[in-house]
There are 2 protein chains.
Amino acid sequence: MKHGNAVIAQGGGPTSVINQSLVGAVIESRRFLQVERFYGALNGVNGIINENFVDLTQCSLENLGEVAQTPSSALLSTRDKPDAAYCEKIFAVLKSHDVKWFFYCGGNDSADTCRILSESAQAAQYDLRVIHIPKTIDNDLRETDHCPGFGSAGKFVAQAFAGANLDNRALGGIYIGIVMGRDAGFLTAASVLDKRYNDDGPHLVYVPEVPFTEEKFLADVKRVYDRLGRCVIAVSEGIRNADGEAMISVLTGSTERDAHGNAQLSGTGALGDRLSDLVKAKLGVKRVRADTFGYIQRSFAGCVSEVDAAEARSVGEKAVQFGVLGESDGSVAIKRIGDYAVEYRLVPLSSVARLARSMPQNYYDMNVSLPTKDFVDYARPLVGKLATVAQLDAPIVGKKLKV
Amino acid sequence: MKHGNAVIAQGGGPTSVINQSLVGAVIESRRFLQVERFYGALNGVNGIINENFVDLTQCSLENLGEVAQTPSSALLSTRDKPDAAYCEKIFAVLKSHDVKWFFYCGGNDSADTCRILSESAQAAQYDLRVIHIPKTIDNDLRETDHCPGFGSAGKFVAQAFAGANLDNRALGGIYIGIVMGRDAGFLTAASVLDKRYNDDGPHLVYVPEVPFTEEKFLADVKRVYDRLGRCVIAVSEGIRNADGEAMISVLTGSTERDAHGNAQLSGTGALGDRLSDLVKAKLGVKRVRADTFGYIQRSFAGCVSEVDAAEARSVGEKAVQFGVLGESDGSVAIKRIGDYAVEYRLVPLSSVARLARSMPQNYYDMNVSLPTKDFVDYARPLVGKLATVAQLDAPIVGKKLKV
């Protein structure tokens, strides 16, 4: 029987439930005598090459219970992506600490890190089991029905728009909310999930999967505003024009890039402000307000989907089971097997690594610029219980003075 | 015994618990036979002059129960501020509907509307009882210890920064969050209320009460960044320079005004973006991110302080009691009479109308640019139970390869 230590790490952007997966793995590992010590690497793979480990074998259940409820990566994060030389350093460190299992919680970049490590370990005949634990609010991983982290971020976005809709209903005008998700529109589409009444917003939703044109946007807004005297709009940070250029770059002329060389989409209010300017200038509406939800949508403390939290916990547990009891490396995927029920499977790392998933076409109706019922059926179970919103049910009083 | 109908309306910006006050008043009125019908005016005083009333006497308790949990003004809102001619129209409508009580839920502008109506009614010898029900997330009303709506918005801001702090801790760099509150710093100061560990952010907080200088700001940020390798900063939308000019106007050259002629502070990410540019340019830090919390902090569905909700309900109930059983017009004020206990008093409308309150000097320490313990003692009971945030308590593993 294989025997040794294990390392777990977290990579990429945080989510509200990423520590549920961490804690699920830590606690699950305790019933396997094969796993002597369970180490956490700080700052993802960067913590491995620098030998920055903490011993999670020596965490109390009380501490782990609190950490599980805490948003953002308790082991900190990294944007490092290992090349061959980096991998050599990783193996040297892992060998010196007798590490036989590596668990990495992250998105498709982290899955790619797992793939590289898995292949390099096989080439070096180093007995290392590598398991990828999925997480991302963007919900853009392949193979899995959905990603842990998406449900809680979706709940945040749905409730933010439920409130913004009521705010806009009370004071009028046009409201634009910019939502994360990079090249996938799932999170922005989640803005419709807490709609209840026929006139509830968001009335328009724009996603990266469908080319954005100013003409269609302005015509849509005018149509809704003429009908309701107000309009609530959800816009993906990653909307692109027909040439595939990010609208934030087109509208602002900004060329700032993130660590992966992509246009910087988050951490600035520029896209919302430019769209707001556009509406003011072209439609002549005075009260136009734009909010960019920014980082709080992925790490707000206290907005968690109970479904998402439970599934994030489970993928951590399953990762350890697949790693210790199974025969191959892979990524844990969630398969939907009912309405609503799921099971967990291990899929090849190569089927998840680097690749991204977009929203299927049947989830979005280009004609009305809104997500479809198919999307709502897909996403509604994932966000858990949403806040109650109600309008007054009171009869109108007859006028005494006016006719 | 006075006998007739009552009207309630909501004015100004919404809060998460403004409908608790509405529902408190509606239900409380049902035990007084003097109050025949309880009408709601749609869109504040604007609904009165246009005779847009709904009959809240005919709402079910189930509907009212749901509305009470719903953020933003269920009766919609207005920024109208009546002059003499407007008041005449109001009296004509109120008389025609036999209205003897008027309840208006809002901030100091709404209190001023109440004052004008109260004085005009006395001058016209019209038997109208006028009661102001306080609400504002800015917490800037005089006489009351705090304002209903502040606690829930404070909870949102505290939990947003708790998450943003963990996000920043995981990925590094500098994070700037822009918070509402106009000329008062209470809401921005609430950003510190969910801090738990010594290195938790926000590490710096800037409020409108203290003149903002770029030099002090940059020196503060450098000091924290040099020590921690990261920095989380909470900034009031209404920060001003030593000449009293809004920094958003100074930094952007914007001259956009709101309905009251003040600089438009909300609904744009410009202030955060310019501060972010400043830090990048002057301190050479690459990863600087700014979020502007915007409208979601005042109307997010599903983030309510249970203390705030209960008090908002009570001020609505007390307003009806003061109105029906009392002898004078006034504004309902919350008095703190223990740690933590409150009672409700009716104070003169003239002591609340138009006037604003700033943070007391002992709530903020200019030297370290942070709220004081006095502020925390004041505000902590108001935001109710906050989300748990925990760091891993795990020992460091000894290095095998590096010294």
# chains A, B, ... in the order shown; residues from 1 in each chain; ligands from 1

$ residues_around --residues "Gly244 in chain B" --least-positions-apart "4" --cutoff "9 Å" --atoms "only C-alpha atoms" --output "PyMOL selection string"
chain B and resi 211+239-240

$ calpha_fit_and_write --fixed "chain B" --moving "chain A" --output "CSV table (one decimal) with C-alpha atoms, in the first residue's frame"
chain,number,residue,atom,x,y,z
A,1,MET,CA,-61.8,61.9,19.4
A,2,LYS,CA,-60.1,62.7,16.2
A,3,HIS,CA,-61.2,60.4,13.4
A,4,GLY,CA,-60.2,60.1,9.8
A,5,ASN,CA,-57.7,58.6,7.3
A,6,ALA,CA,-54.0,58.4,7.4
A,7,VAL,CA,-51.3,58.6,4.6
A,8,ILE,CA,-47.8,57.2,4.7
A,9,ALA,CA,-45.1,57.8,2.1
A,10,GLN,CA,-41.4,57.1,1.6
A,11,GLY,CA,-38.9,59.6,0.3
A,12,GLY,CA,-35.2,59.8,-0.7
A,13,GLY,CA,-32.8,56.9,-1.2
A,14,PRO,CA,-34.0,53.4,-0.3
A,15,THR,CA,-32.6,51.2,2.5
A,16,SER,CA,-32.8,47.5,3.2
A,17,VAL,CA,-35.2,48.0,6.1
A,18,ILE,CA,-37.3,51.0,5.0
A,19,ASN,CA,-40.3,48.6,4.4
A,20,GLN,CA,-40.0,47.3,8.0
A,21,SER,CA,-41.0,50.8,9.1
A,22,LEU,CA,-43.8,51.0,6.6
A,23,VAL,CA,-45.2,47.6,7.7
A,24,GLY,CA,-44.7,48.5,11.4
A,25,ALA,CA,-46.9,51.6,10.9
A,26,VAL,CA,-49.5,49.8,8.8
A,27,ILE,CA,-50.0,47.0,11.2
A,28,GLU,CA,-49.9,49.2,14.3
A,29,SER,CA,-52.6,51.5,12.8
A,30,ARG,CA,-55.0,48.6,12.7
A,31,ARG,CA,-55.6,48.6,16.5
A,32,PHE,CA,-56.7,52.3,16.5
A,33,LEU,CA,-60.3,52.7,15.5
A,34,GLN,CA,-59.6,56.4,15.0
A,35,VAL,CA,-57.7,55.6,11.8
A,36,GLU,CA,-60.3,54.5,9.3
A,37,ARG,CA,-58.2,54.0,6.2
A,38,PHE,CA,-54.4,53.8,6.0
A,39,TYR,CA,-53.3,55.0,2.5
A,40,GLY,CA,-49.9,54.7,0.9
A,41,ALA,CA,-48.9,57.6,-1.4
A,42,LEU,CA,-46.8,56.4,-4.4
A,43,ASN,CA,-43.6,58.2,-5.1
A,44,GLY,CA,-43.5,60.2,-1.9
A,45,VAL,CA,-45.2,63.6,-1.7
A,46,ASN,CA,-45.5,63.5,-5.5
A,47,GLY,CA,-48.1,60.7,-5.1
A,48,ILE,CA,-50.1,63.0,-2.9
A,49,ILE,CA,-50.4,65.9,-5.3
A,50,ASN,CA,-51.3,63.4,-8.1
A,51,GLU,CA,-53.7,61.5,-5.9
A,52,ASN,CA,-51.8,58.3,-6.4
A,53,PHE,CA,-52.9,56.3,-3.3
A,54,VAL,CA,-53.1,52.6,-2.6
A,55,ASP,CA,-55.2,51.4,0.3
A,56,LEU,CA,-52.9,49.6,2.8
A,57,THR,CA,-55.9,48.8,5.0
A,58,GLN,CA,-56.6,46.1,2.5
A,59,CYS,CA,-53.2,44.3,2.6
A,60,SER,CA,-53.0,40.8,4.0
A,61,LEU,CA,-50.6,40.2,6.8
A,62,GLU,CA,-48.8,37.6,4.6
A,63,ASN,CA,-48.2,40.2,1.9
A,64,LEU,CA,-47.0,42.8,4.5
A,65,GLY,CA,-44.7,40.2,6.1
A,66,GLU,CA,-43.0,39.6,2.7
A,67,VAL,CA,-42.8,43.3,1.9
A,68,ALA,CA,-41.2,44.0,5.3
A,69,GLN,CA,-38.3,41.7,4.3
A,70,THR,CA,-37.9,43.4,0.9
A,71,PRO,CA,-35.3,46.1,0.4
A,72,SER,CA,-36.0,49.5,-1.2
A,73,SER,CA,-39.2,51.6,-0.9
A,74,ALA,CA,-42.3,49.5,-1.6
A,75,LEU,CA,-44.2,52.8,-2.1
A,76,LEU,CA,-41.5,54.0,-4.5
A,77,SER,CA,-39.7,57.3,-3.9
A,78,THR,CA,-39.2,60.9,-4.9
A,79,ARG,CA,-36.7,63.7,-4.7
A,80,ASP,CA,-39.5,66.3,-4.8
A,81,LYS,CA,-39.2,69.0,-2.1
A,82,PRO,CA,-42.5,70.9,-1.6
A,83,ASP,CA,-42.6,74.7,-1.8
A,84,ALA,CA,-45.7,76.8,-0.7
A,85,ALA,CA,-47.7,76.1,-3.9
A,86,TYR,CA,-46.9,72.4,-3.7
A,87,CYS,CA,-48.1,72.4,-0.1
A,88,GLU,CA,-51.4,74.0,-1.1
A,89,LYS,CA,-51.9,71.2,-3.6
A,90,ILE,CA,-51.0,68.6,-0.9
A,91,PHE,CA,-53.6,70.1,1.6
A,92,ALA,CA,-56.3,70.2,-1.1
A,93,VAL,CA,-55.8,66.5,-1.8
A,94,LEU,CA,-55.4,65.5,1.9
A,95,LYS,CA,-58.6,67.4,2.8
A,96,SER,CA,-60.6,65.8,0.0
A,97,HIS,CA,-59.6,62.4,1.3
A,98,ASP,CA,-60.2,63.3,5.0
A,99,VAL,CA,-56.6,62.7,5.9
A,100,LYS,CA,-55.7,63.6,9.5
A,101,TRP,CA,-52.4,61.9,9.8
A,102,PHE,CA,-49.3,62.0,7.6
A,103,PHE,CA,-46.3,59.8,8.1
A,104,TYR,CA,-43.2,60.4,6.0
A,105,CYS,CA,-40.3,58.0,6.1
A,106,GLY,CA,-37.0,59.5,4.9
A,107,GLY,CA,-33.9,61.5,5.7
A,108,ASN,CA,-33.4,65.1,6.6
A,109,ASP,CA,-34.9,66.3,3.3
A,110,SER,CA,-38.0,64.4,4.1
A,111,ALA,CA,-37.9,65.7,7.6
A,112,ASP,CA,-37.9,69.2,6.1
A,113,THR,CA,-40.9,68.3,4.0
A,114,CYS,CA,-42.6,67.3,7.2
A,115,ARG,CA,-41.6,70.6,8.9
A,116,ILE,CA,-43.0,72.6,6.0
A,117,LEU,CA,-46.2,70.7,6.0
A,118,SER,CA,-46.6,70.9,9.7
A,119,GLU,CA,-46.1,74.7,9.8
A,120,SER,CA,-48.3,75.2,6.7
A,121,ALA,CA,-51.1,73.1,8.2
A,122,GLN,CA,-51.0,75.1,11.5
A,123,ALA,CA,-51.1,78.3,9.5
A,124,ALA,CA,-54.1,77.0,7.5
A,125,GLN,CA,-55.6,75.7,10.7
A,126,TYR,CA,-55.9,72.3,9.1
A,127,ASP,CA,-56.0,69.5,11.7
A,128,LEU,CA,-53.1,67.4,10.4
A,129,ARG,CA,-50.7,65.4,12.5
A,130,VAL,CA,-47.3,65.1,10.8
A,131,ILE,CA,-44.8,62.4,11.9
A,132,HIS,CA,-41.4,61.9,10.4
A,133,ILE,CA,-40.0,58.3,10.4
A,134,PRO,CA,-36.2,58.4,10.1
A,135,LYS,CA,-34.2,56.3,7.6
A,136,THR,CA,-30.9,56.7,5.9
A,137,ILE,CA,-27.8,54.5,5.3
A,138,ASP,CA,-25.7,57.7,5.7
A,139,ASN,CA,-26.6,57.8,9.5
A,140,ASP,CA,-26.4,61.6,9.3
A,141,LEU,CA,-29.7,62.6,11.1
A,142,ARG,CA,-29.5,64.8,14.2
A,143,GLU,CA,-31.2,63.9,17.5
A,144,THR,CA,-31.3,60.2,16.9
A,145,ASP,CA,-28.5,57.9,18.2
A,146,HIS,CA,-28.5,56.3,14.8
A,147,CYS,CA,-30.7,55.9,11.7
A,148,PRO,CA,-32.7,52.8,10.7
A,149,GLY,CA,-31.0,51.5,7.5
A,150,PHE,CA,-27.5,52.3,8.7
A,151,GLY,CA,-27.0,49.0,10.5
A,152,SER,CA,-27.9,46.9,7.5
A,153,ALA,CA,-25.8,48.9,5.1
A,154,GLY,CA,-23.0,48.8,7.7
A,155,LYS,CA,-23.3,45.1,7.8
A,156,PHE,CA,-23.0,45.0,4.0
A,157,VAL,CA,-19.9,47.2,4.0
A,158,ALA,CA,-18.3,45.3,6.9
A,159,GLN,CA,-18.8,41.9,5.1
A,160,ALA,CA,-17.8,43.3,1.8
A,161,PHE,CA,-14.5,44.4,3.3
A,162,ALA,CA,-14.0,41.2,5.2
A,163,GLY,CA,-14.2,39.4,1.9
A,164,ALA,CA,-12.1,42.0,0.0
A,165,ASN,CA,-9.5,41.7,2.7
A,166,LEU,CA,-9.2,37.9,2.3
A,167,ASP,CA,-9.2,38.3,-1.5
A,168,ASN,CA,-6.4,40.8,-1.2
A,169,ARG,CA,-4.5,38.6,1.3
A,170,ALA,CA,-4.7,35.7,-1.2
A,171,LEU,CA,-3.5,37.7,-4.3
A,172,GLY,CA,-1.7,40.7,-2.9
A,173,GLY,CA,-1.6,44.3,-4.2
A,174,ILE,CA,-3.7,47.2,-3.2
A,175,TYR,CA,-7.5,47.3,-3.0
A,176,ILE,CA,-9.6,50.4,-2.8
A,177,GLY,CA,-13.3,50.2,-2.0
A,178,ILE,CA,-15.5,53.3,-2.4
A,179,VAL,CA,-18.4,53.6,0.1
A,180,MET,CA,-21.5,55.7,0.1
A,181,GLY,CA,-22.5,58.2,2.9
A,182,ARG,CA,-22.3,61.6,1.2
A,183,ASP,CA,-20.8,64.0,3.8
A,184,ALA,CA,-20.8,61.6,6.7
A,185,GLY,CA,-18.1,58.9,7.3
A,186,PHE,CA,-20.2,56.5,9.4
A,187,LEU,CA,-20.8,54.0,6.7
A,188,THR,CA,-17.2,53.9,5.5
A,189,ALA,CA,-16.0,53.6,9.1
A,190,ALA,CA,-18.3,50.5,9.3
A,191,SER,CA,-15.8,48.8,7.0
A,192,VAL,CA,-13.7,47.9,10.0
A,193,LEU,CA,-16.4,46.1,11.9
A,194,ASP,CA,-15.7,42.5,10.7
A,195,LYS,CA,-12.0,42.7,11.2
A,196,ARG,CA,-10.7,39.8,13.4
A,197,TYR,CA,-7.0,39.2,13.0
A,198,ASN,CA,-4.2,41.8,13.5
A,199,ASP,CA,-3.3,41.9,9.9
A,200,ASP,CA,-6.9,42.2,8.6
A,201,GLY,CA,-7.9,45.2,6.4
A,202,PRO,CA,-9.1,47.7,5.8
A,203,HIS,CA,-5.8,49.1,6.8
A,204,LEU,CA,-6.8,52.7,6.0
A,205,VAL,CA,-10.1,54.5,6.0
A,206,TYR,CA,-10.8,57.9,4.6
A,207,VAL,CA,-13.9,59.9,5.6
A,208,PRO,CA,-15.4,63.2,4.5
A,209,GLU,CA,-15.0,64.8,7.9
A,210,VAL,CA,-11.2,65.0,7.5
A,211,PRO,CA,-9.7,66.9,4.6
A,212,PHE,CA,-8.1,64.5,2.1
A,213,THR,CA,-4.7,65.2,0.7
A,214,GLU,CA,-2.9,63.1,-1.9
A,215,GLU,CA,0.4,63.4,0.1
A,216,LYS,CA,-1.0,62.0,3.3
A,217,PHE,CA,-2.9,59.3,1.4
A,218,LEU,CA,0.1,58.1,-0.6
A,219,ALA,CA,2.3,58.2,2.5
A,220,ASP,CA,-0.3,56.1,4.4
A,221,VAL,CA,-0.5,53.6,1.6
A,222,LYS,CA,3.2,53.3,1.3
A,223,ARG,CA,3.6,52.8,5.0
A,224,VAL,CA,1.1,49.9,5.1
A,225,TYR,CA,2.3,48.3,1.8
A,226,ASP,CA,5.9,48.4,2.9
A,227,ARG,CA,4.9,46.6,6.1
A,228,LEU,CA,2.4,44.0,4.8
A,229,GLY,CA,3.1,43.8,1.1
A,230,ARG,CA,-0.6,44.6,0.5
A,231,CYS,CA,-3.1,47.2,1.5
A,232,VAL,CA,-6.9,47.4,1.7
A,233,ILE,CA,-8.4,50.9,1.7
A,234,ALA,CA,-12.0,52.1,2.4
A,235,VAL,CA,-12.8,55.5,1.0
A,236,SER,CA,-16.0,57.6,1.4
A,237,GLU,CA,-17.5,58.8,-1.9
A,238,GLY,CA,-17.8,62.2,-0.3
A,239,ILE,CA,-14.1,62.9,0.6
A,240,ARG,CA,-13.2,66.5,0.2
A,241,ASN,CA,-10.0,68.5,0.0
A,242,ALA,CA,-9.0,71.3,2.4
A,243,ASP,CA,-11.0,73.8,0.3
A,244,GLY,CA,-14.1,71.6,0.8
A,245,GLU,CA,-14.3,70.5,-2.8
A,246,ALA,CA,-15.4,67.0,-3.5
A,247,MET,CA,-12.4,64.9,-4.5
A,248,ILE,CA,-14.5,63.2,-7.2
A,249,SER,CA,-14.8,66.6,-8.9
A,250,VAL,CA,-11.2,67.6,-8.2
A,251,LEU,CA,-9.8,64.3,-9.6
A,252,THR,CA,-12.2,63.9,-12.6
A,253,GLY,CA,-13.1,67.5,-13.5
A,254,SER,CA,-16.7,66.2,-13.5
A,255,THR,CA,-19.4,68.8,-12.8
A,256,GLU,CA,-22.5,66.5,-12.8
A,257,ARG,CA,-25.0,67.4,-10.2
A,258,ASP,CA,-27.8,65.4,-8.5
A,259,ALA,CA,-31.4,66.6,-8.0
A,260,HIS,CA,-30.3,68.7,-5.0
A,261,GLY,CA,-27.5,70.5,-6.9
A,262,ASN,CA,-24.7,68.5,-5.1
A,263,ALA,CA,-21.9,66.8,-7.0
A,264,GLN,CA,-23.0,63.4,-8.3
A,265,LEU,CA,-21.1,61.0,-6.1
A,266,SER,CA,-22.7,57.6,-6.7
A,267,GLY,CA,-23.4,55.6,-9.8
A,268,THR,CA,-19.9,56.0,-11.3
A,269,GLY,CA,-16.5,54.3,-10.7
A,270,ALA,CA,-14.6,57.4,-11.4
A,271,LEU,CA,-13.3,58.3,-7.9
A,272,GLY,CA,-12.0,54.7,-7.3
A,273,ASP,CA,-10.4,54.6,-10.8
A,274,ARG,CA,-8.6,58.0,-10.3
A,275,LEU,CA,-7.3,57.0,-6.8
A,276,SER,CA,-6.1,53.7,-8.4
A,277,ASP,CA,-4.3,55.6,-11.2
A,278,LEU,CA,-2.7,57.8,-8.5
A,279,VAL,CA,-1.4,54.9,-6.5
A,280,LYS,CA,-0.1,53.1,-9.6
A,281,ALA,CA,1.7,56.3,-10.9
A,282,LYS,CA,3.2,57.5,-7.6
A,283,LEU,CA,3.9,54.2,-5.7
A,284,GLY,CA,4.7,52.0,-8.7
A,285,VAL,CA,2.5,49.2,-7.5
A,286,LYS,CA,1.3,47.1,-10.4
A,287,ARG,CA,-1.8,45.3,-9.0
A,288,VAL,CA,-4.1,48.0,-7.8
A,289,ARG,CA,-7.9,47.4,-8.0
A,290,ALA,CA,-10.8,49.7,-7.2
A,291,ASP,CA,-14.4,48.7,-6.6
A,292,THR,CA,-17.2,51.2,-6.1
A,293,PHE,CA,-19.9,49.5,-4.0
A,294,GLY,CA,-22.6,51.7,-5.5
A,295,TYR,CA,-26.3,51.1,-5.1
A,296,ILE,CA,-26.1,47.5,-4.0
A,297,GLN,CA,-24.8,48.5,-0.6
A,298,ARG,CA,-28.2,50.2,0.2
A,299,SER,CA,-30.6,47.7,-1.4
A,300,PHE,CA,-28.9,44.3,-1.7
A,301,ALA,CA,-31.6,41.7,-1.1
A,302,GLY,CA,-30.5,39.4,1.7
A,303,CYS,CA,-28.1,41.4,3.9
A,304,VAL,CA,-30.0,42.7,6.8
A,305,SER,CA,-28.9,43.5,10.4
A,306,GLU,CA,-31.5,41.8,12.7
A,307,VAL,CA,-31.1,44.7,15.1
A,308,ASP,CA,-31.7,47.2,12.3
A,309,ALA,CA,-34.7,45.4,11.1
A,310,ALA,CA,-36.3,45.2,14.5
A,311,GLU,CA,-35.6,48.9,15.2
A,312,ALA,CA,-36.9,50.0,11.8
A,313,ARG,CA,-40.1,48.0,12.6
A,314,SER,CA,-40.3,49.8,15.9
A,315,VAL,CA,-39.9,53.3,14.6
A,316,GLY,CA,-42.9,52.6,12.3
A,317,GLU,CA,-45.0,51.4,15.2
A,318,LYS,CA,-43.9,54.2,17.5
A,319,ALA,CA,-44.7,56.8,14.7
A,320,VAL,CA,-48.3,55.7,14.7
A,321,GLN,CA,-48.5,55.6,18.5
A,322,PHE,CA,-47.0,59.1,18.7
A,323,GLY,CA,-49.3,60.3,15.9
A,324,VAL,CA,-52.6,58.9,17.3
A,325,LEU,CA,-52.0,59.1,21.0
A,326,GLY,CA,-49.7,62.1,21.2
A,327,GLU,CA,-50.3,65.9,21.0
A,328,SER,CA,-47.6,67.1,18.7
A,329,ASP,CA,-45.9,66.7,15.4
A,330,GLY,CA,-42.3,65.5,15.4
A,331,SER,CA,-39.7,63.0,14.3
A,332,VAL,CA,-39.1,59.6,15.9
A,333,ALA,CA,-35.6,59.4,17.4
A,334,ILE,CA,-33.8,56.4,18.8
A,335,LYS,CA,-32.1,57.1,22.2
A,336,ARG,CA,-29.4,54.6,23.5
A,337,ILE,CA,-30.1,53.8,27.1
A,338,GLY,CA,-27.8,50.9,27.6
A,339,ASP,CA,-25.3,48.5,26.1
A,340,TYR,CA,-27.2,47.6,24.1
A,341,ALA,CA,-30.7,49.0,24.6
A,342,VAL,CA,-32.7,51.8,23.1
A,343,GLU,CA,-36.0,53.7,23.6
A,344,TYR,CA,-37.9,55.9,21.2
A,345,ARG,CA,-38.8,59.6,21.6
A,346,LEU,CA,-40.5,62.2,19.6
A,347,VAL,CA,-38.3,65.2,18.8
A,348,PRO,CA,-39.3,68.5,17.1
A,349,LEU,CA,-39.2,68.4,13.3
A,350,SER,CA,-37.1,71.6,13.3
A,351,SER,CA,-34.3,69.8,15.1
A,352,VAL,CA,-33.9,67.2,12.4
A,353,ALA,CA,-35.1,69.0,9.2
A,354,ARG,CA,-32.4,69.8,6.7
A,355,LEU,CA,-29.6,69.5,9.3
A,356,ALA,CA,-26.9,66.9,9.0
A,357,ARG,CA,-24.7,65.2,11.5
A,358,SER,CA,-21.0,64.3,10.9
A,359,MET,CA,-19.0,61.7,12.7
A,360,PRO,CA,-17.8,63.0,16.1
A,361,GLN,CA,-14.1,63.6,16.3
A,362,ASN,CA,-13.5,60.8,18.8
A,363,TYR,CA,-14.7,58.3,16.2
A,364,TYR,CA,-11.7,58.8,13.9
A,365,ASP,CA,-7.9,58.9,14.4
A,366,MET,CA,-6.3,61.1,11.8
A,367,ASN,CA,-2.8,59.9,12.6
A,368,VAL,CA,-3.4,56.3,11.6
A,369,SER,CA,-6.3,57.1,9.2
A,370,LEU,CA,-8.6,54.6,10.9
A,371,PRO,CA,-11.8,54.7,13.0
A,372,THR,CA,-11.3,54.5,16.8
A,373,LYS,CA,-12.4,52.0,19.4
A,374,ASP,CA,-15.1,54.6,20.4
A,375,PHE,CA,-16.6,54.2,16.9
A,376,VAL,CA,-16.5,50.4,17.0
A,377,ASP,CA,-18.2,50.5,20.5
A,378,TYR,CA,-20.9,52.7,19.0
A,379,ALA,CA,-21.5,50.9,15.7
A,380,ARG,CA,-20.9,47.2,16.6
A,381,PRO,CA,-24.3,46.6,18.2
A,382,LEU,CA,-26.1,48.1,15.2
A,383,VAL,CA,-24.9,45.8,12.4
A,384,GLY,CA,-26.0,42.6,14.2
A,385,LYS,CA,-24.4,39.2,13.6
A,386,LEU,CA,-21.6,39.3,11.1
A,387,ALA,CA,-20.2,36.6,8.9
A,388,THR,CA,-17.4,34.4,10.4
A,389,VAL,CA,-14.0,34.8,8.9
A,390,ALA,CA,-11.2,32.5,10.1
A,391,GLN,CA,-7.5,31.9,9.2
A,392,LEU,CA,-6.0,28.5,9.3
A,393,ASP,CA,-4.4,27.7,12.6
A,394,ALA,CA,-1.8,25.2,11.4
A,395,PRO,CA,1.9,25.0,12.3
A,396,ILE,CA,4.6,25.7,9.7
A,397,VAL,CA,6.4,22.7,8.3
A,398,GLY,CA,10.2,22.7,8.5
A,399,LYS,CA,12.1,23.1,5.3
A,400,LYS,CA,14.1,20.1,3.9
A,401,LEU,CA,15.9,21.8,1.0
A,402,LYS,CA,16.4,25.4,1.9
A,403,VAL,CA,18.1,26.7,5.0

$ select_by_dssp --residues "range 126-282 of chain A" --states "alpha helix (DSSP H)" --output "PyMOL selection string"
chain A and resi 150-171+186-189+214-228+247-252+270-282
